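Have a look at run_3.cif; it's mmCIF, C-alpha atoms:
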```cif
data_model
loop_
_atom_site.group_PDB
_atom_site.id
_atom_site.type_symbol
_atom_site.label_atom_id
_atom_site.label_comp_id
_atom_site.auth_asym_id
_atom_site.auth_seq_id
_atom_site.Cartn_x
_atom_site.Cartn_y
_atom_site.Cartn_z
ATOM 1 C CA MET A 30 -10.343 26.614 -11.792
ATOM 2 C CA PHE A 31 -8.520 24.408 -9.274
ATOM 3 C CA LYS A 32 -7.296 24.561 -5.721
ATOM 4 C CA ILE A 33 -4.003 23.442 -4.196
ATOM 5 C CA LEU A 34 -4.190 21.722 -0.835
ATOM 6 C CA LYS A 35 -2.565 19.001 1.233
ATOM 7 C CA CYS A 36 -3.974 15.510 0.676
ATOM 8 C CA LYS A 37 -6.181 14.004 3.380
ATOM 9 C CA ASP A 38 -3.182 12.416 5.082
ATOM 10 C CA LYS A 39 -1.304 15.748 4.976
ATOM 11 C CA ALA A 40 1.601 14.014 3.272
ATOM 12 C CA VAL A 41 1.768 15.623 -0.168
ATOM 13 C CA TYR A 42 0.278 18.483 -2.159
ATOM 14 C CA THR A 43 -2.707 17.773 -4.310
ATOM 15 C CA THR A 44 -4.794 19.795 -6.734
ATOM 16 C CA LYS A 45 -8.518 19.434 -7.309
ATOM 17 C CA LEU A 46 -10.758 21.042 -9.888
ATOM 18 C CA ASP A 47 -13.482 23.360 -8.615
ATOM 19 C CA LYS A 48 -15.989 21.494 -10.774
ATOM 20 C CA GLN A 49 -16.028 17.700 -10.912
ATOM 21 C CA LYS A 50 -14.723 16.441 -14.260
ATOM 22 C CA SER A 51 -12.996 13.403 -15.706
ATOM 23 C CA LEU A 52 -9.611 13.698 -17.357
ATOM 24 C CA ASP A 53 -8.573 12.236 -20.689
ATOM 25 C CA LEU A 54 -5.671 10.133 -19.432
ATOM 26 C CA ASN A 55 -4.742 8.983 -22.937
ATOM 27 C CA ASN A 56 -4.155 12.515 -24.103
ATOM 28 C CA ILE A 57 -2.162 13.411 -20.999
ATOM 29 C CA SER A 58 0.011 10.316 -21.403
ATOM 30 C CA LYS A 59 0.819 11.345 -24.979
ATOM 31 C CA LYS A 60 1.892 14.844 -23.943
ATOM 32 C CA PHE A 61 3.956 14.067 -20.827
ATOM 33 C CA LYS A 62 6.652 11.578 -19.879
ATOM 34 C CA THR A 63 4.595 8.689 -18.505
ATOM 35 C CA ILE A 64 6.192 6.342 -15.977
ATOM 36 C CA GLN A 65 3.163 4.140 -15.257
ATOM 37 C CA LYS A 66 -0.237 3.877 -16.842
ATOM 38 C CA THR A 67 -3.372 2.221 -15.459
ATOM 39 C CA PRO A 68 -7.044 2.683 -16.405
ATOM 40 C CA ILE A 69 -7.644 4.864 -13.338
ATOM 41 C CA LEU A 70 -4.461 6.887 -13.095
ATOM 42 C CA LEU A 71 -1.124 7.819 -14.587
ATOM 43 C CA LEU A 72 2.225 8.475 -13.020
ATOM 44 C CA ILE A 73 3.914 11.222 -15.026
ATOM 45 C CA GLU A 74 7.108 13.209 -14.652
ATOM 46 C CA VAL A 75 7.196 16.911 -15.380
ATOM 47 C CA ASP A 76 10.160 19.146 -14.660
ATOM 48 C CA GLY A 77 11.629 16.713 -12.116
ATOM 49 C CA CYS A 78 8.305 16.231 -10.286
ATOM 50 C CA GLU A 79 6.503 12.893 -10.183
ATOM 51 C CA ILE A 80 2.758 13.368 -10.303
ATOM 52 C CA ILE A 81 -0.112 10.922 -9.891
ATOM 53 C CA VAL A 82 -2.851 11.998 -12.297
ATOM 54 C CA HIS A 83 -6.152 10.485 -11.244
ATOM 55 C CA ARG A 84 -8.960 10.047 -13.763
ATOM 56 C CA HIS A 85 -11.288 12.009 -11.463
ATOM 57 C CA ALA A 86 -9.037 15.050 -11.984
ATOM 58 C CA GLU A 87 -7.020 14.993 -8.785
ATOM 59 C CA LEU A 88 -3.254 15.478 -9.145
ATOM 60 C CA MET A 89 -0.924 14.348 -6.357
ATOM 61 C CA PHE A 90 2.610 15.695 -6.288
ATOM 62 C CA LYS A 91 4.830 12.988 -4.862
ATOM 63 C CA ASN A 92 7.969 15.017 -4.392
ATOM 64 C CA CYS A 93 7.240 18.727 -4.827
ATOM 65 C CA GLU A 94 6.598 21.318 -2.127
ATOM 66 C CA ASP A 95 6.918 24.397 -4.370
ATOM 67 C CA LYS A 96 3.375 25.723 -4.722
ATOM 68 C CA GLU A 97 4.220 27.984 -7.675
ATOM 69 C CA LYS A 98 5.687 25.048 -9.576
ATOM 70 C CA ILE A 99 2.684 22.892 -8.635
ATOM 71 C CA LYS A 100 0.336 25.576 -9.972
ATOM 72 C CA LYS A 101 2.233 25.805 -13.252
ATOM 73 C CA ILE A 102 2.342 22.033 -13.784
ATOM 74 C CA ALA A 103 -1.320 21.570 -12.817
ATOM 75 C CA GLU A 104 -2.353 24.193 -15.383
ATOM 76 C CA MET A 105 -0.415 22.336 -18.104
ATOM 77 C CA VAL A 106 -1.848 18.934 -17.176
ATOM 78 C CA TYR A 107 -5.438 20.116 -16.874
ATOM 79 C CA LYS A 108 -5.128 21.943 -20.215
ATOM 80 C CA GLU A 109 -4.309 18.642 -21.935
ATOM 81 C CA GLY A 110 -6.729 16.508 -19.938
ATOM 82 C CA ILE A 111 -9.992 18.427 -19.967
ATOM 83 C CA MET B 1 9.951 -19.506 17.406
ATOM 84 C CA LYS B 2 10.315 -17.173 14.434
ATOM 85 C CA GLY B 3 7.535 -15.137 12.851
ATOM 86 C CA LEU B 4 7.378 -13.029 9.701
ATOM 87 C CA LEU B 5 5.709 -9.705 10.494
ATOM 88 C CA LEU B 6 3.953 -7.906 7.634
ATOM 89 C CA LEU B 7 4.987 -4.368 8.531
ATOM 90 C CA SER B 8 3.476 -1.188 7.087
ATOM 91 C CA GLY B 9 4.181 2.375 8.207
ATOM 92 C CA GLY B 10 0.970 2.602 10.235
ATOM 93 C CA PHE B 11 -0.041 1.956 13.838
ATOM 94 C CA ASP B 12 -1.302 -1.617 13.802
ATOM 95 C CA SER B 13 1.406 -3.908 12.469
ATOM 96 C CA PRO B 14 4.225 -2.677 14.755
ATOM 97 C CA VAL B 15 1.959 -3.200 17.767
ATOM 98 C CA ALA B 16 1.035 -6.681 16.512
ATOM 99 C CA GLY B 17 4.720 -7.516 16.120
ATOM 100 C CA TYR B 18 5.587 -6.168 19.532
ATOM 101 C CA LEU B 19 2.861 -8.234 21.227
ATOM 102 C CA MET B 20 4.228 -11.401 19.634
ATOM 103 C CA LYS B 21 7.786 -10.455 20.571
ATOM 104 C CA GLU B 22 6.598 -10.238 24.165
ATOM 105 C CA LYS B 23 5.652 -13.908 23.740
ATOM 106 C CA ASN B 24 9.268 -14.723 22.799
ATOM 107 C CA VAL B 25 8.761 -14.760 19.046
ATOM 108 C CA GLU B 26 11.803 -13.654 17.030
ATOM 109 C CA LEU B 27 10.672 -11.204 14.361
ATOM 110 C CA THR B 28 11.687 -10.801 10.747
ATOM 111 C CA ALA B 29 9.723 -8.000 9.070
ATOM 112 C CA LEU B 30 8.436 -7.763 5.517
ATOM 113 C CA HIS B 31 7.359 -4.440 4.040
ATOM 114 C CA PHE B 32 5.550 -4.190 0.704
ATOM 115 C CA SER B 33 6.636 -1.001 -1.003
ATOM 116 C CA GLY B 34 3.976 0.703 -3.113
ATOM 117 C CA GLN B 35 6.487 2.757 -5.077
ATOM 118 C CA PRO B 36 6.279 4.273 -7.677
ATOM 119 C CA PHE B 37 2.600 4.964 -6.916
ATOM 120 C CA ILE B 38 3.516 6.476 -3.560
ATOM 121 C CA ASN B 39 6.630 8.238 -2.318
ATOM 122 C CA ASP B 40 9.271 6.626 -0.085
ATOM 123 C CA VAL B 41 7.862 7.815 3.258
ATOM 124 C CA ALA B 42 6.117 4.537 4.173
ATOM 125 C CA GLU B 43 9.319 2.635 3.463
ATOM 126 C CA LYS B 44 11.335 4.971 5.712
ATOM 127 C CA LYS B 45 8.735 4.622 8.464
ATOM 128 C CA ALA B 46 8.882 0.831 8.188
ATOM 129 C CA ILE B 47 12.679 0.954 8.575
ATOM 130 C CA GLU B 48 12.314 3.060 11.757
ATOM 131 C CA LEU B 49 9.538 0.880 13.156
ATOM 132 C CA ALA B 50 11.414 -2.368 12.504
ATOM 133 C CA LYS B 51 14.315 -0.988 14.558
ATOM 134 C CA ILE B 52 12.089 0.192 17.419
ATOM 135 C CA ILE B 53 10.353 -3.146 17.869
ATOM 136 C CA GLY B 54 13.610 -5.071 17.457
ATOM 137 C CA CYS B 55 13.168 -7.007 14.224
ATOM 138 C CA LYS B 56 16.222 -9.051 13.294
ATOM 139 C CA LYS B 57 15.850 -8.167 9.649
ATOM 140 C CA LEU B 58 13.588 -6.077 7.399
ATOM 141 C CA ILE B 59 12.838 -7.227 3.868
ATOM 142 C CA ILE B 60 11.416 -4.641 1.478
ATOM 143 C CA PHE B 61 9.506 -6.156 -1.411
ATOM 144 C CA PRO B 62 8.770 -3.943 -4.453
ATOM 145 C CA PHE B 63 5.018 -4.310 -4.902
ATOM 146 C CA GLY B 64 4.034 -1.295 -7.028
ATOM 147 C CA LYS B 65 4.220 -3.044 -10.372
ATOM 148 C CA ILE B 66 1.997 -5.862 -9.138
ATOM 149 C CA GLN B 67 -0.521 -3.338 -7.777
ATOM 150 C CA GLY B 68 -0.595 -1.647 -11.177
ATOM 151 C CA GLU B 69 -1.249 -4.957 -12.932
ATOM 152 C CA VAL B 70 -4.127 -5.761 -10.577
ATOM 153 C CA VAL B 71 -5.717 -2.412 -11.447
ATOM 154 C CA ASN B 72 -5.095 -3.020 -15.139
ATOM 155 C CA ARG B 73 -6.537 -6.517 -15.331
ATOM 156 C CA CYS B 74 -8.969 -7.190 -12.476
ATOM 157 C CA ARG B 75 -12.331 -5.795 -11.383
ATOM 158 C CA HIS B 76 -11.482 -2.761 -9.328
ATOM 159 C CA LYS B 77 -13.771 -3.541 -6.385
ATOM 160 C CA TYR B 78 -11.659 -6.627 -5.619
ATOM 161 C CA TYR B 79 -8.377 -4.682 -5.600
ATOM 162 C CA PHE B 80 -7.703 -4.901 -1.839
ATOM 163 C CA ILE B 81 -8.545 -8.596 -1.620
ATOM 164 C CA ILE B 82 -6.472 -9.640 -4.620
ATOM 165 C CA THR B 83 -3.434 -7.561 -3.691
ATOM 166 C CA LYS B 84 -3.550 -8.873 -0.120
ATOM 167 C CA ARG B 85 -3.809 -12.473 -1.325
ATOM 168 C CA ILE B 86 -0.733 -11.909 -3.491
ATOM 169 C CA MET B 87 1.084 -10.291 -0.561
ATOM 170 C CA PHE B 88 0.287 -13.341 1.553
ATOM 171 C CA ARG B 89 1.609 -15.703 -1.107
ATOM 172 C CA ILE B 90 4.855 -13.771 -1.279
ATOM 173 C CA ALA B 91 5.015 -13.659 2.524
ATOM 174 C CA GLU B 92 4.498 -17.418 2.759
ATOM 175 C CA ASP B 93 7.366 -17.974 0.346
ATOM 176 C CA ILE B 94 9.666 -15.580 2.207
ATOM 177 C CA ALA B 95 8.666 -17.094 5.576
ATOM 178 C CA LYS B 96 9.809 -20.507 4.363
ATOM 179 C CA LYS B 97 13.120 -19.081 3.151
ATOM 180 C CA GLU B 98 13.623 -17.291 6.481
ATOM 181 C CA ASN B 99 12.616 -20.338 8.558
ATOM 182 C CA CYS B 100 9.626 -18.511 10.047
ATOM 183 C CA GLN B 101 6.838 -20.756 11.302
ATOM 184 C CA PHE B 102 3.992 -18.272 10.821
ATOM 185 C CA LEU B 103 2.963 -14.850 9.568
ATOM 186 C CA ILE B 104 1.967 -11.999 11.878
ATOM 187 C CA THR B 105 -0.330 -9.225 10.679
ATOM 188 C CA GLY B 106 -1.965 -6.147 12.177
ATOM 189 C CA ASP B 107 -5.375 -6.985 10.732
ATOM 190 C CA ASN B 108 -8.221 -5.528 12.716
ATOM 191 C CA LEU B 109 -11.884 -6.255 12.077
ATOM 192 C CA GLY B 110 -13.934 -3.457 10.608
ATOM 193 C CA GLN B 111 -11.273 -0.778 10.661
ATOM 194 C CA VAL B 112 -11.611 -0.263 6.922
ATOM 195 C CA GLY B 113 -14.521 -1.303 4.745
ATOM 196 C CA SER B 114 -12.707 -4.249 3.200
ATOM 197 C CA GLN B 115 -11.653 -5.794 6.545
ATOM 198 C CA THR B 116 -14.719 -7.977 7.008
ATOM 199 C CA LEU B 117 -14.658 -11.545 8.297
ATOM 200 C CA LYS B 118 -15.719 -12.811 4.848
ATOM 201 C CA ASN B 119 -12.899 -10.954 3.120
ATOM 202 C CA ILE B 120 -10.347 -11.994 5.698
ATOM 203 C CA ALA B 121 -11.380 -15.642 5.209
ATOM 204 C CA VAL B 122 -10.966 -15.320 1.421
ATOM 205 C CA ILE B 123 -7.595 -13.627 1.864
ATOM 206 C CA ASN B 124 -6.320 -16.175 4.380
ATOM 207 C CA SER B 125 -7.364 -19.081 2.146
ATOM 208 C CA SER B 126 -4.661 -18.160 -0.375
ATOM 209 C CA ILE B 127 -1.905 -19.728 1.719
ATOM 210 C CA ASN B 128 -1.056 -22.756 3.844
ATOM 211 C CA ILE B 129 1.027 -21.161 6.578
ATOM 212 C CA ASP B 130 -0.500 -20.128 9.946
ATOM 213 C CA ILE B 131 -1.388 -16.453 10.312
ATOM 214 C CA LEU B 132 -1.423 -14.789 13.708
ATOM 215 C CA GLN B 133 -3.606 -11.675 13.940
ATOM 216 C CA PRO B 134 -3.202 -10.530 17.547
ATOM 217 C CA LEU B 135 -5.129 -7.268 17.038
ATOM 218 C CA LEU B 136 -8.169 -8.716 15.314
ATOM 219 C CA SER B 137 -10.639 -7.675 18.018
ATOM 220 C CA PHE B 138 -8.817 -4.620 19.380
ATOM 221 C CA GLU B 139 -10.373 -1.153 19.415
ATOM 222 C CA LYS B 140 -8.334 1.470 17.541
ATOM 223 C CA GLN B 141 -7.768 3.435 20.729
ATOM 224 C CA GLU B 142 -6.298 0.378 22.443
ATOM 225 C CA ILE B 143 -3.830 0.014 19.564
ATOM 226 C CA ILE B 144 -2.859 3.680 19.713
ATOM 227 C CA ASP B 145 -2.387 3.515 23.501
ATOM 228 C CA LYS B 146 -0.161 0.471 23.087
ATOM 229 C CA ALA B 147 1.811 2.260 20.326
ATOM 230 C CA ARG B 148 2.490 5.115 22.767
ATOM 231 C CA GLU B 149 3.579 2.661 25.431
ATOM 232 C CA ILE B 150 6.037 0.793 23.214
ATOM 233 C CA GLY B 151 7.459 3.878 21.468
ATOM 234 C CA THR B 152 6.139 3.393 17.936
ATOM 235 C CA TYR B 153 3.436 6.086 18.063
ATOM 236 C CA LYS B 154 5.557 8.987 16.799
ATOM 237 C CA SER B 155 6.932 7.098 13.787
ATOM 238 C CA SER B 156 3.549 5.625 12.866
ATOM 239 C CA LYS B 157 1.764 8.959 13.193
ATOM 240 C CA GLY B 158 3.938 10.770 10.642
ATOM 241 C CA PRO B 159 2.123 11.784 7.453
ATOM 242 C CA GLU B 160 2.208 9.137 4.780
ATOM 243 C CA MET B 161 0.948 9.311 1.242
ATOM 244 C CA CYS B 162 -2.114 7.099 1.008
ATOM 245 C CA SER B 163 -2.476 4.524 -1.732
ATOM 246 C CA VAL B 164 -4.185 5.985 -4.764
ATOM 247 C CA LEU B 165 -5.003 2.709 -6.466
ATOM 248 C CA GLY B 166 -7.789 1.404 -4.244
ATOM 249 C CA PRO B 167 -11.488 1.615 -5.173
ATOM 250 C CA LYS B 168 -13.892 4.022 -3.462
ATOM 251 C CA HIS B 169 -16.324 1.189 -2.834
ATOM 252 C CA PRO B 170 -14.399 -2.048 -2.200
ATOM 253 C CA ALA B 171 -16.106 -5.435 -2.066
ATOM 254 C CA THR B 172 -17.052 -6.355 1.503
ATOM 255 C CA GLY B 173 -18.391 -9.898 1.055
ATOM 256 C CA ALA B 174 -16.199 -11.428 -1.624
ATOM 257 C CA LYS B 175 -16.713 -15.005 -2.792
ATOM 258 C CA LEU B 176 -13.642 -17.125 -3.279
ATOM 259 C CA GLU B 177 -14.693 -18.375 -6.729
ATOM 260 C CA ASN B 178 -15.066 -14.794 -8.001
ATOM 261 C CA ILE B 179 -11.663 -13.822 -6.690
ATOM 262 C CA GLU B 180 -9.989 -16.889 -8.192
ATOM 263 C CA LYS B 181 -11.611 -16.096 -11.539
ATOM 264 C CA GLU B 182 -10.214 -12.562 -11.408
ATOM 265 C CA GLU B 183 -6.754 -13.801 -10.458
ATOM 266 C CA LYS B 184 -6.610 -15.942 -13.595
ATOM 267 C CA ARG B 185 -6.301 -12.695 -15.562
ATOM 268 C CA LEU B 186 -2.919 -12.095 -13.939
ATOM 269 C CA GLU B 187 0.355 -13.855 -14.534
ATOM 270 C CA ILE B 188 0.965 -13.878 -10.810
ATOM 271 C CA ASP B 189 3.965 -16.201 -10.723
ATOM 272 C CA ASN B 190 5.825 -14.192 -13.373
ATOM 273 C CA LEU B 191 4.991 -10.877 -11.709
ATOM 274 C CA ILE B 192 6.283 -12.121 -8.363
ATOM 275 C CA LYS B 193 9.407 -13.596 -9.928
ATOM 276 C CA GLU B 194 10.252 -10.297 -11.668
ATOM 277 C CA SER B 195 9.767 -8.314 -8.466
ATOM 278 C CA TYR B 196 12.133 -10.580 -6.525
ATOM 279 C CA ASP B 197 15.009 -9.084 -8.540
ATOM 280 C CA ASN B 198 14.579 -5.769 -6.720
ATOM 281 C CA ILE B 199 14.055 -6.978 -3.193
ATOM 282 C CA LYS B 200 16.047 -5.183 -0.439
ATOM 283 C CA GLU B 201 17.203 -6.481 2.916
ATOM 284 C CA ILE B 202 18.084 -4.318 5.900
ATOM 285 C CA LYS B 203 19.679 -5.845 9.016
#
```
Before anything else, please render the file you have as structure tokens.
Amino acid sequence: MFKILKCKDKAVYTTKLDKQKSLDLNNISKKFKTIQKTPILLLIEVDGCEIIVHRHAELMFKNCEDKEKIKKIAEMVYKEGI
Amino acid sequence: MKGLLLLSGGFDSPVAGYLMKEKNVELTALHFSGQPFINDVAEKKAIELAKIIGCKKLIIFPFGKIQGEVVNRCRHKYYFIITKRIMFRIAEDIAKKENCQFLITGDNLGQVGSQTLKNIAVINSSINIDILQPLLSFEKQEIIDKAREIGTYKSSKGPEMCSVLGPKHPATGAKLENIEKEEKRLEIDNLIKESYDNIKEIK
């Protein structure tokens, strides 16, 4: 459903859906602790990780290197957003 | 002479600062932090780079909230132009407080889509202080070679989380009247004033 990879600048982990979709940011912001909200992205916090949730369904993990944790969080976010 | 260097974590601005320092300009650096929309890596790189090129002081200005407001209120294609105009206004204000006679930037024509002459003219028109852009006509390779020579290459090269707020297709030939119209949607003075409360200085 999605893949985990390093972002183009190799700085942080990111997840991307296999098929291009838009996320429902409003629904995600209701379900998760939201630090910042803009029309194109959210900054949420889940389990100590800060995550940029882009409307075009890319998640960027600002401070998490644990791929298992990333997978788990991405599944939860995509479940609410798609 | 004193100059205020707009310092990012990348290759260009440290080289621009260094070239001006070679001309006996005393440097104070100003870094605009994009947190919370990015992590703290760029800020750490700016701290390292300011030391390497011998800045007297580094000022870190919290800019993330302002970036968020620009995305919230303005047409997205103008994001880079509007945020840069606001950065320049803040820099002009800080330059006056720091007794700097001009700003120094690492701007370089055509390196990114939004760095066109038209856009640069619109951006520069937001302020009344002189702006020195010593790399404007440099090739990227020349900048990288210079970075190696002056010892900033390694710090600049380190991976850095890119900004996630910019548009995929930024405006390349912006008109000043359109930009000014967009800026009226923002309470720029209030936003800047609020951000000043969290400014950091490193000597």
Practice item. Pick out the residues sitting within 9 Å of region 11-22 of chain B, and hand them over as a PyMOL selection string; count all atoms listed in the file, and ignore anything fewer than 5 positions along from it in its own chain. Key: chain B and resi 3-6+27+29+46+49-50+52-55+104-108+132-135+140+143-144+146-147+150+152-153+155-157
Point to revise | Neighbours of chain A in chain B at 7 Å, counting all atoms listed in the file, as a PyMOL selection string | key: chain B and resi 38-39+68+71-72+159-162
Practice item. Mind giving me the straight-line distance from CA of Asn24 (chain B) to CA of Lys2 (chain B) in Å, one decimal? Key: 8.8 Å
Check your understanding: How many Å lie between CA of Ile131 (chain B) and CA of Phe88 (chain B), rounded to one decimal?
Key -> 9.4 Å
Practice item. Grab the CA of Gly173 (chain B) to CA of Gln115 (chain B) distance for me, in Å with one decimal place. Key: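 CA of Gln115 (chain B) lies 9.6 Å from CA of Gly173 (chain B).
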Counting all atoms listed in the file, note down every residue that has an atom within 9 Å of the point (19.6, -7.0, 9.5) (file coordinates), as a short mmCIF file (atom, residue, chain, number, x, y, z; two decimals) with C-alpha atoms, in the frame of the given file.
```
data_model
loop_
_atom_site.label_atom_id
_atom_site.label_comp_id
_atom_site.auth_asym_id
_atom_site.auth_seq_id
_atom_site.Cartn_x
_atom_site.Cartn_y
_atom_site.Cartn_z
CA THR B 28 11.69 -10.80 10.75
CA CYS B 55 13.17 -7.01 14.22
CA LYS B 56 16.22 -9.05 13.29
CA LYS B 57 15.85 -8.17 9.65
CA LEU B 58 13.59 -6.08 7.40
CA ILE B 59 12.84 -7.23 3.87
CA GLU B 201 17.20 -6.48 2.92
CA ILE B 202 18.08 -4.32 5.90
CA LYS B 203 19.68 -5.84 9.02
#
```
Point to revise | Counting all atoms listed in the file, the option among B:Ala42, B:Leu117, B:Lys65, B:Phe80 closest to Ala171 (chain B) | key: B:Phe80
Point to revise | Residues within 12 Å of Val70 (chain B), all atoms listed in the file, excluding chain neighbours under 3 positions, as number ranges by chain | key: A: 67-69; B: 63-67, 73-86, 165-167, 179, 182-188, 191
Exercise for review: Using the chain letters and residue numbers of this document, give as a list in words the residues selected by the PyMOL selection byres ((chain A and resi 44) around 6).
Suggested key: Lys32, Ile33, Thr43, Lys45, Glu87 and Leu88 of chain A
Exercise for review: May I have the residues within 10 Å of Leu176 (chain B) as number ranges by chain, using only C-alpha atoms and disregarding those fewer than 5 positions away in the same chain?
Suggested key: B: 118-119, 121-123, 125-126, 181-182
Practice item. With the file shown as input, list the residues that the PyMOL selection byres ((chain A and resi 54) around 8) selects, as a ChimeraX atom specification. Key: /A:52-53,55-58,70-71,82,84,110
Practice item. Pick out the residues sitting within 8 Å of Ser51 (chain A), and hand them over as a ChimeraX atom specification; count all atoms listed in the file, and ignore anything fewer than 3 positions along from it in its own chain. Key: /A:84-86,111
Check your understanding: Which polymer residues have any atom within 10 Å of an atom of Asp76 (chain A), counting all atoms listed in the file, with same-chain residues fewer than 3 positions away left out, as a PyMOL selection string?
Key -> chain A and resi 62+79+98+102
Axis-aligned box for all listed atoms of region 95-103 of chain A, 5 Å per side, centre and edges in Å to one decimal, as JSON:
```
{"center_x": 2.8, "center_y": 24.8, "center_z": -9.1, "size_x": 18.2, "size_y": 16.4, "size_z": 19.4}
```
